[in-house]
Amino acid sequence: MDQPLNLVLFSGTDDKLQAAAVLTAGAAALGKPVNVFLQYWALDAFRRERIDRDHGLAPEAGPEGRTHVDDLRRAGQASWADTLRQAKDLGEVDIQACSLSMDLLDIEATDLDPLVDGVEGITAFYLNAGAGQVLFI
Amino acid sequence: MDQPLNLVLFSGTDDKLQAAAVLTAGAAALGKPVNVFLQYWALDAFRRERIDRDHGLAPEAGPEGRTHVDDLRRAGQASWADTLRQAKDLGEVDIQACSLSMDLLDIEATDLDPLVDGVEGITAFYLNAGAGQVLFI
Amino acid sequence: MDQPLNLVLFSGTDDKLQAAAVLTAGAAALGKPVNVFLQYWALDAFRRERIDRDHGLAPEAGPEGRTHVDDLRRAGQASWADTLRQAKDLGEVDIQACSLSMDLLDIEATDLDPLVDGVEGITAFYLNAGAGQVLFI
């Protein structure tokens, strides 16, 4: 069977989350299972009440990068959360919150957007990842 | 055949691009094919008119890091662009611009430095990557 | 034999180093050998005299993130350096400094914390990594 693609999402800015969503959707479209593991600031961005907010961009984006991102959004580009929702319709995408980061940020499972399928530890992440590619974003 | 090394370059600061160039050159020297996929701020740094500019450092570098980088550059260290050019002479290095990021940043193929071999989508990236290692930088 | 997990540590902020330490400890607990390769600002954080300092957080952490990290630390969470020490007791964890970054930052081997096992070049890193997963953090 095809090895899964595994993404450890650490960063919570909209540009990195969008890059991660595109990598997820592209793999799902190719029939590859995708495991997403949410840590730190990425996990924070998946709170039910924050997921649709502006999460900023990497500092290097600068004002020019900000303008490009805003223009594309106004032109109708899907948000990263929408892209992930579409990826879930398209293929086998499992999104898990890291239990240690849940403690760190004092988040309960009910605080998370329904995009998140569950909470797990690092051991479960590795076991699901198998020998598949792992990216840290 | 040896699986390729695959780098998704997202960040466009000189320190991360230098790290990516060293990873590329090292793999090329070992005879490993390398696929580089340029997104967001990394793609922006490969514009023909910007590639030789100062692209800044990660914020954590601080003034001390800045001094070290400037000192080494004055001592004759190759730029990341030069390191990538050498890597292309050394081995099989293919650099592709992400088509979605081209749209985002409103870049045409002719705007890019000749280091960039073409423009492709995420599907082509995955197909070329095969089962090789993938790093997100 | 199990392929090793390979981490290229580039970032030197406490949040990313903590994430890296948890990934290392988790793999070690599963019996997976782990190779850690220290570059740039991550290497700087492993200086003997700096390892116990505050290395800041990613800019996106913000004041709220800072508070969460401080709270957890006060509640007794192990530092990333302690987590790495425990990982070394638990399994096969080899931490190497990148020779190019040693030059860049003007660091001697004796300046480094005993957690670091040696200094090597990128070629040695690739040869030790084999076909194992590689993460850039």
# chains A, B, ... in the order shown; residues from 1 in each chain; ligands from 1
$ residues_around --residues "C:Gly26" --least-positions-apart "3" --cutoff "12 Å" --atoms "only C-alpha atoms" --output "MDAnalysis selection string"
(chainID A and resid 100 121:127) or (chainID C and resid 5 19:23 29:34 83:84 86:88 90:93)
$ write_last_selection --atoms "C-alpha atoms" --output "short mmCIF file (atom, residue, chain, number, x, y, z; two decimals), in the first residue's frame"
data_model
loop_
_atom_site.label_atom_id
_atom_site.label_comp_id
_atom_site.auth_asym_id
_atom_site.auth_seq_id
_atom_site.Cartn_x
_atom_site.Cartn_y
_atom_site.Cartn_z
CA LEU A 100 1.50 17.82 24.62
CA GLY A 121 0.68 11.57 21.28
CA ILE A 122 3.93 11.49 19.37
CA THR A 123 4.11 7.69 19.53
CA ALA A 124 0.80 7.30 17.70
CA PHE A 125 2.00 9.83 15.15
CA TYR A 126 5.13 7.81 14.39
CA LEU A 127 3.25 4.54 14.20
CA LEU C 5 15.12 9.52 11.87
CA ALA C 19 9.33 20.44 19.27
CA ALA C 20 12.54 18.87 17.95
CA ALA C 21 13.38 17.41 21.37
CA VAL C 22 9.93 15.80 21.63
CA LEU C 23 10.25 14.32 18.13
CA ALA C 29 11.42 5.58 22.87
CA LEU C 30 10.30 3.55 19.85
CA GLY C 31 13.82 2.22 19.39
CA LYS C 32 14.51 4.30 16.29
CA PRO C 33 18.06 5.72 15.98
CA VAL C 34 18.01 9.52 15.67
CA THR C 83 14.43 16.30 27.08
CA LEU C 84 17.35 15.62 24.73
CA GLN C 86 16.67 11.94 28.56
CA ALA C 87 16.33 10.87 24.93
CA LYS C 88 20.03 9.96 24.92
CA LEU C 90 16.52 6.16 26.30
CA GLY C 91 17.93 5.31 22.89
CA GLU C 92 20.48 5.90 20.19
CA VAL C 93 20.62 9.67 19.65
#
$ residues_around --residues "B:Gln96" --least-positions-apart "4" --cutoff "9 Å" --atoms "only C-alpha atoms" --output "VMD selection string"
chain B and resid 35 to 38 116 to 120 125
$ select_by_dssp --residues "stretch 25-97 of chain A" --states "strand (DSSP E or B)" --output "PyMOL selection string"
chain A and resi 34-38+47+93-97
$ interface_residues --of "chain C" --to "chain B" --cutoff "12 Å" --atoms "only C-alpha atoms" --output "mmCIF file with N, CA, C and O atoms, in the first residue's frame"
data_model
loop_
_atom_site.group_PDB
_atom_site.id
_atom_site.type_symbol
_atom_site.label_atom_id
_atom_site.label_comp_id
_atom_site.auth_asym_id
_atom_site.auth_seq_id
_atom_site.Cartn_x
_atom_site.Cartn_y
_atom_site.Cartn_z
ATOM 1 N N LEU C 5 15.798 8.234 12.067
ATOM 2 C CA LEU C 5 15.120 9.519 11.874
ATOM 3 C C LEU C 5 16.204 10.583 11.887
ATOM 4 O O LEU C 5 17.103 10.543 12.741
ATOM 5 N N ASN C 6 16.127 11.525 10.958
ATOM 6 C CA ASN C 6 17.182 12.521 10.811
ATOM 7 C C ASN C 6 16.606 13.925 10.894
ATOM 8 O O ASN C 6 15.697 14.267 10.139
ATOM 9 N N LEU C 7 17.122 14.697 11.821
ATOM 10 C CA LEU C 7 16.623 16.064 12.015
ATOM 11 C C LEU C 7 17.725 17.064 11.698
ATOM 12 O O LEU C 7 18.796 17.020 12.318
ATOM 13 N N VAL C 8 17.465 17.935 10.747
ATOM 14 C CA VAL C 8 18.343 19.081 10.519
ATOM 15 C C VAL C 8 17.753 20.227 11.332
ATOM 16 O O VAL C 8 16.669 20.712 11.019
ATOM 17 N N LEU C 9 18.450 20.624 12.395
ATOM 18 C CA LEU C 9 17.945 21.729 13.222
ATOM 19 C C LEU C 9 18.606 23.019 12.778
ATOM 20 O O LEU C 9 19.823 23.159 12.843
ATOM 21 N N PHE C 10 17.789 23.934 12.338
ATOM 22 C CA PHE C 10 18.256 25.234 11.852
ATOM 23 C C PHE C 10 17.840 26.339 12.838
ATOM 24 O O PHE C 10 18.615 27.227 13.130
ATOM 25 N N SER C 11 16.627 26.262 13.324
ATOM 26 C CA SER C 11 16.075 27.328 14.175
ATOM 27 C C SER C 11 16.505 27.167 15.618
ATOM 28 O O SER C 11 16.590 26.045 16.128
ATOM 29 N N GLY C 12 16.746 28.270 16.278
ATOM 30 C CA GLY C 12 17.263 28.231 17.635
ATOM 31 C C GLY C 12 16.319 28.810 18.670
ATOM 32 O O GLY C 12 16.752 29.120 19.773
ATOM 33 N N THR C 13 15.043 28.926 18.350
ATOM 34 C CA THR C 13 14.104 29.415 19.359
ATOM 35 C C THR C 13 13.644 28.237 20.227
ATOM 36 O O THR C 13 13.618 27.092 19.785
ATOM 37 N N ASP C 14 13.273 28.562 21.466
ATOM 38 C CA ASP C 14 12.955 27.494 22.420
ATOM 39 C C ASP C 14 11.749 26.658 21.996
ATOM 40 O O ASP C 14 11.692 25.465 22.309
ATOM 41 N N LYS C 16 10.763 25.832 18.848
ATOM 42 C CA LYS C 16 11.137 24.854 17.812
ATOM 43 C C LYS C 16 12.095 23.802 18.366
ATOM 44 O O LYS C 16 12.017 22.629 17.999
ATOM 45 N N PHE C 37 21.432 17.089 13.281
ATOM 46 C CA PHE C 37 22.486 17.853 12.614
ATOM 47 C C PHE C 37 22.212 19.330 12.889
ATOM 48 O O PHE C 37 21.176 19.858 12.488
ATOM 49 N N LEU C 38 23.136 20.001 13.589
ATOM 50 C CA LEU C 38 22.895 21.363 14.078
ATOM 51 C C LEU C 38 23.486 22.409 13.138
ATOM 52 O O LEU C 38 24.702 22.436 12.914
ATOM 53 N N GLN C 39 22.629 23.280 12.647
ATOM 54 C CA GLN C 39 23.091 24.365 11.772
ATOM 55 C C GLN C 39 22.675 25.713 12.341
ATOM 56 O O GLN C 39 21.727 25.811 13.124
ATOM 57 N N TYR C 40 23.360 26.733 11.914
ATOM 58 C CA TYR C 40 22.970 28.121 12.155
ATOM 59 C C TYR C 40 22.523 28.389 13.601
ATOM 60 O O TYR C 40 23.223 28.078 14.538
ATOM 61 N N TRP C 41 21.317 28.906 13.762
ATOM 62 C CA TRP C 41 20.874 29.426 15.066
ATOM 63 C C TRP C 41 20.601 28.291 16.048
ATOM 64 O O TRP C 41 20.682 28.498 17.261
ATOM 65 N N ALA C 42 20.305 27.117 15.537
ATOM 66 C CA ALA C 42 20.168 25.968 16.441
ATOM 67 C C ALA C 42 21.534 25.626 17.029
ATOM 68 O O ALA C 42 21.662 25.382 18.236
ATOM 69 N N LEU C 43 22.553 25.615 16.189
ATOM 70 C CA LEU C 43 23.903 25.329 16.681
ATOM 71 C C LEU C 43 24.301 26.350 17.753
ATOM 72 O O LEU C 43 24.841 25.993 18.798
ATOM 73 N N ASP C 44 24.002 27.603 17.477
ATOM 74 C CA ASP C 44 24.342 28.671 18.422
ATOM 75 C C ASP C 44 23.712 28.408 19.805
ATOM 76 O O ASP C 44 24.316 28.706 20.832
ATOM 77 N N ALA C 45 22.516 27.850 19.808
ATOM 78 C CA ALA C 45 21.815 27.587 21.077
ATOM 79 C C ALA C 45 22.464 26.452 21.870
ATOM 80 O O ALA C 45 22.207 26.310 23.066
ATOM 81 N N HIS C 55 16.015 31.440 24.759
ATOM 82 C CA HIS C 55 16.334 31.658 23.341
ATOM 83 C C HIS C 55 15.177 32.252 22.568
ATOM 84 O O HIS C 55 15.165 32.226 21.334
ATOM 85 N N GLY C 56 14.182 32.746 23.276
ATOM 86 C CA GLY C 56 13.054 33.369 22.599
ATOM 87 C C GLY C 56 12.137 32.356 21.935
ATOM 88 O O GLY C 56 12.382 31.143 21.973
ATOM 89 N N LEU C 57 11.083 32.867 21.356
ATOM 90 C CA LEU C 57 10.106 32.036 20.654
ATOM 91 C C LEU C 57 9.949 32.561 19.233
ATOM 92 O O LEU C 57 10.373 33.673 18.931
ATOM 93 N N ALA C 58 9.329 31.763 18.372
ATOM 94 C CA ALA C 58 8.997 32.257 17.031
ATOM 95 C C ALA C 58 8.146 33.518 17.185
ATOM 96 O O ALA C 58 7.340 33.609 18.119
ATOM 97 N N PRO C 59 8.314 34.491 16.267
ATOM 98 C CA PRO C 59 7.588 35.761 16.397
ATOM 99 C C PRO C 59 6.079 35.566 16.511
ATOM 100 O O PRO C 59 5.402 36.291 17.241
ATOM 101 N N GLU C 60 5.545 34.561 15.825
ATOM 102 C CA GLU C 60 4.104 34.336 15.826
ATOM 103 C C GLU C 60 3.557 33.908 17.183
ATOM 104 O O GLU C 60 2.346 33.886 17.378
ATOM 105 N N CYS C 98 27.197 20.953 12.404
ATOM 106 C CA CYS C 98 27.562 21.143 10.993
ATOM 107 C C CYS C 98 28.859 21.943 10.927
ATOM 108 O O CYS C 98 28.950 23.044 11.479
ATOM 109 N N SER C 99 29.858 21.399 10.247
ATOM 110 C CA SER C 99 31.171 22.061 10.221
ATOM 111 C C SER C 99 31.102 23.438 9.566
ATOM 112 O O SER C 99 31.781 24.371 10.009
ATOM 113 N N LEU C 100 30.281 23.598 8.543
ATOM 114 C CA LEU C 100 30.166 24.916 7.902
ATOM 115 C C LEU C 100 29.584 25.946 8.859
ATOM 116 O O LEU C 100 30.012 27.096 8.890
ATOM 117 N N SER C 101 28.590 25.538 9.636
ATOM 118 C CA SER C 101 27.993 26.477 10.595
ATOM 119 C C SER C 101 28.952 26.795 11.738
ATOM 120 O O SER C 101 28.915 27.904 12.291
ATOM 121 N N MET C 102 29.814 25.829 12.108
ATOM 122 C CA MET C 102 30.846 26.093 13.116
ATOM 123 C C MET C 102 31.736 27.247 12.650
ATOM 124 O O MET C 102 32.045 28.165 13.409
ATOM 125 N N ASP C 103 32.132 27.198 11.367
ATOM 126 C CA ASP C 103 32.950 28.276 10.797
ATOM 127 C C ASP C 103 32.175 29.588 10.782
ATOM 128 O O ASP C 103 32.699 30.631 11.168
ATOM 129 N N LEU C 104 30.953 29.509 10.311
ATOM 130 C CA LEU C 104 30.131 30.729 10.205
ATOM 131 C C LEU C 104 30.047 31.449 11.544
ATOM 132 O O LEU C 104 30.215 32.671 11.612
ATOM 133 N N LEU C 105 29.768 30.692 12.590
ATOM 134 C CA LEU C 105 29.530 31.312 13.894
ATOM 135 C C LEU C 105 30.801 31.386 14.730
ATOM 136 O O LEU C 105 30.757 31.817 15.879
ATOM 137 N N ASP C 106 31.920 30.922 14.145
ATOM 138 C CA ASP C 106 33.209 31.027 14.818
ATOM 139 C C ASP C 106 33.182 30.295 16.170
ATOM 140 O O ASP C 106 33.539 30.850 17.209
ATOM 141 N N ILE C 107 32.695 29.050 16.111
ATOM 142 C CA ILE C 107 32.561 28.221 17.306
ATOM 143 C C ILE C 107 33.616 27.113 17.255
ATOM 144 O O ILE C 107 33.850 26.522 16.196
ATOM 145 N N GLY C 121 30.526 17.105 8.397
ATOM 146 C CA GLY C 121 30.081 17.818 7.206
ATOM 147 C C GLY C 121 28.783 17.232 6.680
ATOM 148 O O GLY C 121 28.291 16.207 7.179
ATOM 149 N N ILE C 122 28.257 17.872 5.665
ATOM 150 C CA ILE C 122 26.964 17.469 5.103
ATOM 151 C C ILE C 122 27.034 16.063 4.485
ATOM 152 O O ILE C 122 26.047 15.310 4.526
ATOM 153 N N THR C 123 28.196 15.685 3.951
ATOM 154 C CA THR C 123 28.317 14.362 3.330
ATOM 155 C C THR C 123 28.134 13.264 4.382
ATOM 156 O O THR C 123 27.387 12.294 4.160
ATOM 157 N N ALA C 124 28.799 13.435 5.518
ATOM 158 C CA ALA C 124 28.640 12.450 6.595
ATOM 159 C C ALA C 124 27.186 12.397 7.056
ATOM 160 O O ALA C 124 26.635 11.317 7.324
ATOM 161 N N PHE C 125 26.548 13.565 7.131
ATOM 162 C CA PHE C 125 25.136 13.579 7.525
ATOM 163 C C PHE C 125 24.302 12.716 6.584
ATOM 164 O O PHE C 125 23.513 11.874 7.028
ATOM 165 N N TYR C 126 24.459 12.922 5.269
ATOM 166 C CA TYR C 126 23.663 12.140 4.300
ATOM 167 C C TYR C 126 23.973 10.653 4.401
ATOM 168 O O TYR C 126 23.078 9.816 4.291
ATOM 169 N N LEU C 127 25.238 10.313 4.586
ATOM 170 C CA LEU C 127 25.579 8.890 4.628
ATOM 171 C C LEU C 127 24.961 8.227 5.855
ATOM 172 O O LEU C 127 24.454 7.107 5.785
ATOM 173 N N ALA C 129 22.240 9.293 7.331
ATOM 174 C CA ALA C 129 20.773 9.360 7.201
ATOM 175 C C ALA C 129 20.239 8.181 6.390
ATOM 176 O O ALA C 129 19.112 7.719 6.620
ATOM 177 N N GLY C 130 21.029 7.708 5.440
ATOM 178 C CA GLY C 130 20.575 6.589 4.601
ATOM 179 C C GLY C 130 19.265 6.938 3.928
ATOM 180 O O GLY C 130 19.103 8.038 3.401
ATOM 181 N N ALA C 131 18.318 6.014 3.968
ATOM 182 C CA ALA C 131 17.027 6.259 3.340
ATOM 183 C C ALA C 131 15.991 6.683 4.373
ATOM 184 O O ALA C 131 14.788 6.671 4.108
ATOM 185 N N GLY C 132 16.468 7.065 5.576
ATOM 186 C CA GLY C 132 15.525 7.442 6.641
ATOM 187 C C GLY C 132 14.855 8.780 6.381
ATOM 188 O O GLY C 132 15.287 9.565 5.540
ATOM 189 N N GLN C 133 13.798 9.020 7.148
ATOM 190 C CA GLN C 133 13.082 10.301 7.030
ATOM 191 C C GLN C 133 13.981 11.457 7.476
ATOM 192 O O GLN C 133 14.758 11.312 8.420
ATOM 193 N N VAL C 134 13.872 12.580 6.781
ATOM 194 C CA VAL C 134 14.646 13.770 7.130
ATOM 195 C C VAL C 134 13.689 14.929 7.358
ATOM 196 O O VAL C 134 12.836 15.207 6.519
ATOM 197 N N LEU C 135 13.811 15.594 8.504
ATOM 198 C CA LEU C 135 12.998 16.779 8.784
ATOM 199 C C LEU C 135 13.910 17.988 8.936
ATOM 200 O O LEU C 135 14.976 17.889 9.551
ATOM 201 N N PHE C 136 13.481 19.100 8.404
ATOM 202 C CA PHE C 136 14.209 20.366 8.556
ATOM 203 C C PHE C 136 13.384 21.226 9.502
ATOM 204 O O PHE C 136 12.224 21.525 9.236
ATOM 205 N N ILE C 137 13.988 21.594 10.621
ATOM 206 C CA ILE C 137 13.216 22.289 11.668
ATOM 207 C C ILE C 137 13.793 23.658 11.936
ATOM 208 O O ILE C 137 14.955 23.770 12.292
#
$ atom_distance --atom1 "atom CA of A:Asp82" --atom2 "atom CA of B:Asn128"
26.8 Å
